[in-house]
4 protein chains.
Amino acid sequence: MILTECTNILIRFNEADPLGIVWHGHYVRYFEDGREAFGEKYGLKYLDIFEKGFTVPVVNVQCDYKRSLRYGDRVVVETRFVDDLAAKIKFEYILTNPATGEVVAKGSSVQVFLDKETSSLQLITPAFFMEWKKTHGLV
Amino acid sequence: MILTECTNILIRFNEADPLGIVWHGHYVRYFEDGREAFGEKYGLKYLDIFEKGFTVPVVNVQCDYKRSLRYGDRVVVETRFVDDLAAKIKFEYILTNPATGEVVAKGSSVQVFLDKETSSLQLITPAFFMEWKKTHGLV
Amino acid sequence: MILTECTNILIRFNEADPLGIVWHGHYVRYFEDGREAFGEKYGLKYLDIFEKGFTVPVVNVQCDYKRSLRYGDRVVVETRFVDDLAAKIKFEYILTNPATGEVVAKGSSVQVFLDKETSSLQLITPAFFMEWKKTHGLV
Amino acid sequence: MILTECTNILIRFNEADPLGIVWHGHYVRYFEDGREAFGEKYGLKYLDIFEKGFTVPVVNVQCDYKRSLRYGDRVVVETRFVDDLAAKIKFEYILTNPATGEVVAKGSSVQVFLDKETSSLQLITPAFFMEWKKTHGLV
């Protein structure tokens, strides 16, 4: 069972740098846009998780840049859930330029669960998240 | 009695747009940098005001752009307190390129006081702010 | 003849500040999103103008903030062209929260024409822009 | 021979998110701030490299987040050059909260050389960069 969602993003003028290409730091925002679109589709938005009593800070992010994006380009972010036994949320991202079909970048992120009141790190996968996995055929 | 503070900001690569000049939206951030430097000098930072029981959202901002800034330039933000009888905090900003002495932009901002618990708008200047004005010779 | 376009923007998590509300500086970006949507509809995007030989830097921007936006909110930006005899491009922006119908902010921007090669300010409205106005029933 | 530079950054109000902590995407900007401070010290700024005929886009960035930063905190970015035989520029970053001495995050970046005119990827280390390494005792 593969859970995935695609988001279509229009590159803003102010996201391109003096060389005319999108500044690499903005990709982390595209990842978050993709993650939120995924959360919208599968009921796993920040606000959904917050209501369950947790915050999910990002503890690792990485990105490989293959090709550049320019102002006026579009980019499609495919956000893919990566199942994991640990109490973590993992995603992979594949960014494609729909005009050329070329892969622009690949990346990943890891999030952990903190109790929203005490901020204590959850070492065991929260019950709501196990339930979410069952609902989506992952366990 | 004029209260003023100058802040020196180095233009970041990622703040310039494809035309090589600083995107106009970033100036609002430079204003905030100036305001915080002013707050640091005169005891009027966001956190200082928050401790007194208020938040101070910006209700108006405006900027006139005179000349462009480029990556690698420096800009000096002069933040000047504008005294006002109303329950508001007003600032004027003069941005100068120290390499040429030319004025790059002029702007202003207006903030109001909200009770930090109830978010209710304060129509009368909070006591702590009257006190602050007295301390600095404004009333 | 009123030229106007509405854009629907989803507030990103990373656009809200520690008070949970959208940082005021981001509204300048929403204006630009609105302006580009307008340009897409009426053939007046940055790239369209650039092809005609001009850049159009913003020389004034101002915003009145009426109500706050929060993460998860949507905001509709109505971008309205304001005709002017001078060699300028003027827009007004009305930001509305579609969930409540309330006006969130109102703002405006002014742009001038620079020759893209020489950067010289155009004191007379460029021919292509007069043509554009005619096409859209403004003159 | 270890080349390293430390930069002190004040966390801006608008860099913290609704949970009061710095949004993870901003760390990529702190890395760039560190890299530029390093470049300032050792003559390896974007503009220096551009004058030699190259652009140096980031092709990989990664970050491990250990602790959170809050508005009003300071963070010290230590930027360390990682020598490599390939035609690449590699840096490691260690972010520390000077108030506690704790490591906040660790990250890295990889840049490649493109000819600034043709954008062609340089497979052999450019002569100016070998020279730079010699000057700094790395080869």
# chains A, B, ... in the order shown; residues from 1 in each chain; ligands from 1
$ residues_around --residues "Glu15 in chain B" --least-positions-apart "3" --cutoff "12 Å" --atoms "only C-alpha atoms" --output "number ranges by chain"
A: 13-19, 22-23, 25-26; B: 9-12, 18-27, 29-30, 69-73; D: 29, 32-33
$ residues_around --residues "range 54-57 of chain B" --least-positions-apart "3" --cutoff "6 Å" --atoms "only C-alpha atoms" --output "ChimeraX atom specification"
/B:49-50,111-116
$ residues_around --residues "Leu3 in chain C" --least-positions-apart "6" --cutoff "10 Å" --atoms "only C-alpha atoms" --output "PyMOL selection string"
chain C and resi 38+41-42+79-83+136-138
$ select_by_dssp --residues "range 15-136 of chain D" --states "helix (DSSP H, G or I)" --output "MDAnalysis selection string"
chainID D and resid 15 24:42 46:51 127:135
$ residues_around --residues "Val75 in chain D" --least-positions-apart "3" --cutoff "7 Å" --atoms "only C-alpha atoms" --output "number ranges by chain"
D: 8-10, 95-98
$ write_last_selection --atoms "N, CA and C atoms" --output "PDB file, in the first residue's frame"
ATOM      1  N   ASN D   8      27.310  34.835  14.618  1.00  0.00           N
ATOM      2  CA  ASN D   8      26.321  34.954  15.677  1.00  0.00           C
ATOM      3  C   ASN D   8      25.038  35.540  15.079  1.00  0.00           C
ATOM      4  N   ILE D   9      23.955  34.814  15.182  1.00  0.00           N
ATOM      5  CA  ILE D   9      22.692  35.244  14.583  1.00  0.00           C
ATOM      6  C   ILE D   9      21.628  35.427  15.656  1.00  0.00           C
ATOM      7  N   LEU D  10      20.902  36.539  15.555  1.00  0.00           N
ATOM      8  CA  LEU D  10      19.784  36.783  16.474  1.00  0.00           C
ATOM      9  C   LEU D  10      18.507  36.299  15.796  1.00  0.00           C
ATOM     10  N   LEU D  95      25.392  24.246  14.797  1.00  0.00           N
ATOM     11  CA  LEU D  95      24.656  25.383  15.381  1.00  0.00           C
ATOM     12  C   LEU D  95      24.522  25.177  16.886  1.00  0.00           C
ATOM     13  N   THR D  96      24.948  26.191  17.627  1.00  0.00           N
ATOM     14  CA  THR D  96      24.963  26.101  19.082  1.00  0.00           C
ATOM     15  C   THR D  96      24.182  27.261  19.676  1.00  0.00           C
ATOM     16  N   ASN D  97      23.470  26.981  20.736  1.00  0.00           N
ATOM     17  CA  ASN D  97      22.816  28.053  21.498  1.00  0.00           C
ATOM     18  C   ASN D  97      23.816  28.580  22.509  1.00  0.00           C
ATOM     19  N   PRO D  98      24.321  29.804  22.346  1.00  0.00           N
ATOM     20  CA  PRO D  98      25.398  30.286  23.215  1.00  0.00           C
ATOM     21  C   PRO D  98      24.962  30.438  24.674  1.00  0.00           C
TER      22      PRO D  98
END
$ residues_around --residues "Val139 in chain A" --least-positions-apart "6" --cutoff "10 Å" --atoms "only C-alpha atoms" --output "short mmCIF file (atom, residue, chain, number, x, y, z; two decimals) with C-alpha atoms, in the first residue's frame"
data_model
loop_
_atom_site.label_atom_id
_atom_site.label_comp_id
_atom_site.auth_asym_id
_atom_site.auth_seq_id
_atom_site.Cartn_x
_atom_site.Cartn_y
_atom_site.Cartn_z
CA MET A 1 0.00 0.00 0.00
CA ASP A 83 6.29 3.47 6.74
CA MET A 130 -1.26 3.27 14.71
CA GLU A 131 -4.96 3.66 14.11
CA TRP A 132 -4.26 5.94 11.16
CA LYS A 133 -1.90 3.33 9.68
#
$ interface_residues --of "chain D" --to "chain A" --cutoff "7 Å" --atoms "only C-alpha atoms" --output "ChimeraX atom specification"
/D:24-25,28-29,58-66
$ write_last_selection --atoms "C-alpha atoms" --output "PDB file, in the first residue's frame"
ATOM      1  CA  HIS D  24      12.987  24.311  10.411  1.00  0.00           C
ATOM      2  CA  GLY D  25      13.254  25.769   6.906  1.00  0.00           C
ATOM      3  CA  VAL D  28      19.042  26.527   5.536  1.00  0.00           C
ATOM      4  CA  ARG D  29      19.309  30.315   5.608  1.00  0.00           C
ATOM      5  CA  VAL D  58      23.947  23.870  -3.838  1.00  0.00           C
ATOM      6  CA  VAL D  59      23.326  20.270  -4.957  1.00  0.00           C
ATOM      7  CA  ASN D  60      22.772  18.734  -1.541  1.00  0.00           C
ATOM      8  CA  VAL D  61      21.796  20.049   1.846  1.00  0.00           C
ATOM      9  CA  GLN D  62      20.874  18.141   4.962  1.00  0.00           C
ATOM     10  CA  CYS D  63      20.143  19.057   8.545  1.00  0.00           C
ATOM     11  CA  ASP D  64      19.681  17.180  11.815  1.00  0.00           C
ATOM     12  CA  TYR D  65      17.661  19.129  14.347  1.00  0.00           C
ATOM     13  CA  LYS D  66      18.591  18.423  17.973  1.00  0.00           C
TER      14      LYS D  66
END
$ residues_around --residues "Thr125 in chain B" --least-positions-apart "4" --cutoff "8 Å" --atoms "only C-alpha atoms" --output "number ranges by chain"
B: 86-88, 129-130
$ write_last_selection --atoms "N, CA, C and O atoms" --output "PDB file, in the first residue's frame"
ATOM      1  N   ALA B  86      -2.774  59.049  20.643  1.00  0.00           N
ATOM      2  CA  ALA B  86      -3.611  57.844  20.611  1.00  0.00           C
ATOM      3  C   ALA B  86      -2.864  56.645  21.191  1.00  0.00           C
ATOM      4  O   ALA B  86      -1.653  56.670  21.382  1.00  0.00           O
ATOM      5  N   ALA B  87      -3.624  55.600  21.465  1.00  0.00           N
ATOM      6  CA  ALA B  87      -3.042  54.376  22.025  1.00  0.00           C
ATOM      7  C   ALA B  87      -2.390  53.557  20.914  1.00  0.00           C
ATOM      8  O   ALA B  87      -2.867  52.491  20.540  1.00  0.00           O
ATOM      9  N   LYS B  88      -1.322  54.111  20.373  1.00  0.00           N
ATOM     10  CA  LYS B  88      -0.639  53.494  19.243  1.00  0.00           C
ATOM     11  C   LYS B  88       0.863  53.636  19.385  1.00  0.00           C
ATOM     12  O   LYS B  88       1.340  54.521  20.105  1.00  0.00           O
ATOM     13  N   PHE B 129       3.021  52.104  29.093  1.00  0.00           N
ATOM     14  CA  PHE B 129       3.560  52.822  27.937  1.00  0.00           C
ATOM     15  C   PHE B 129       3.654  54.323  28.247  1.00  0.00           C
ATOM     16  O   PHE B 129       4.610  54.995  27.820  1.00  0.00           O
ATOM     17  N   MET B 130       2.686  54.846  29.026  1.00  0.00           N
ATOM     18  CA  MET B 130       2.786  56.237  29.491  1.00  0.00           C
ATOM     19  C   MET B 130       4.044  56.387  30.342  1.00  0.00           C
ATOM     20  O   MET B 130       4.777  57.374  30.226  1.00  0.00           O
TER      21      MET B 130
END
$ atom_distance --atom1 "CA of Lys45 in chain B" --atom2 "CA of Gly101 in chain B"
28.4 Å
$ atom_distance --atom1 "CA of Gly34 in chain A" --atom2 "CA of Ala37 in chain C"
21.6 Å
